[in-house]
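Right, one structure below, let's go through it.
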Amino acid sequence: LPVVVKGVQSVDNARECVQRGAAAIQVSNHGGRQLDTVPGAVTSLPDIVEAVGGQVPVYLDGGVRRGVDVFKALALGASGVAVGRPVLYGLAMGGAPGVTSVLDTLKTELRLAMKLAGTATIADISRKYVTG
């Protein structure tokens, strides 16, 4: 059974996950609710991606509210992102059509960010589009 380890916040934890056979890593600080003084997931992401060295996919969970957030996560090396709160808000406000609307909006915003950056495909998004 492939295991994705969620809640990875450090390079040491990421390396251990890979050594123990994790299929993927999900960088997350659980929305900052458990320990509100830990760095945001996007802050930890680049170092974790580098430490894992492509051995497993690295996903970002947390702080994704707009399409540009997806763009930034991909530029910092994420294989993909998890979208929680916006989807739940869409569900609460409009049921399944609300969720569809949220995801469509994220997709539209991501496409706009890609156009503004001059990237034609997801594969074209790279670290050169972000700093820090």
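Letters A, B, ... go to the chains of the structure tokens in the order shown; residues in each chain start at 1; ligands are counted from 1 in the same order.
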**OP:** May I have the residues within 12 Å of range 41-55 of chain A as a PyMOL selection string, using only C-alpha atoms and disregarding those fewer than 6 positions away in the same chain?
**Re:** chain A and resi 6-19+21-32+61-64+69-82+126-127+130-132
**OP:** Would you list, as an NGL selection string, the residues of chain A that end up in alpha helix (DSSP H) under DSSP run on this structure's backbone?
**Re:** :A and (11-19 or 41-52 or 67-75 or 85-117)
Subject >> In range 3-117 of chain A, DSSP strand (DSSP E or B) residues written as a PyMOL selection string >> reply: chain A and resi 4-8+24-28+58-61+80-82
**OP:** Might you pull out every residue within 8 Å of Met114 in chain A, with only C-alpha atoms counted and same-chain residues fewer than 5 positions away left off, and present them as a list in words?
**Re:** Phe71, Thr119, Ala120, Thr121 and Ile125 of chain A
Subject >> Counting only C-alpha atoms, the option among A:Pro39, A:Pro2, A:Pro86, A:Pro57 closest to Leu106 in chain A >> reply: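 Answer, going by the shortest atom-to-atom distance: A:Pro86.
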**OP:** Please provide the set of residues having any atom within 12 Å of Asp104 in chain A, restricted to only C-alpha atoms, with same-chain residues fewer than 5 positions apart removed, written as a ChimeraX atom specification.
**Re:** /A:66-67,86-87,90,97-99,109-111
Original post:
So what do you get for CA of Arg65 in chain A versus CA of Val102 in chain A, distance-wise?
Top reply: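 Value for the CA of Arg65 in chain A-CA of Val102 in chain A distance: 9.6 Å.
Of the residues listed (A:Leu103, A:Val68, A:Val83, A:Met93), A:Val68 shows the shortest atom-to-atom separation from Lys115 in chain A; distances use only C-alpha atoms.
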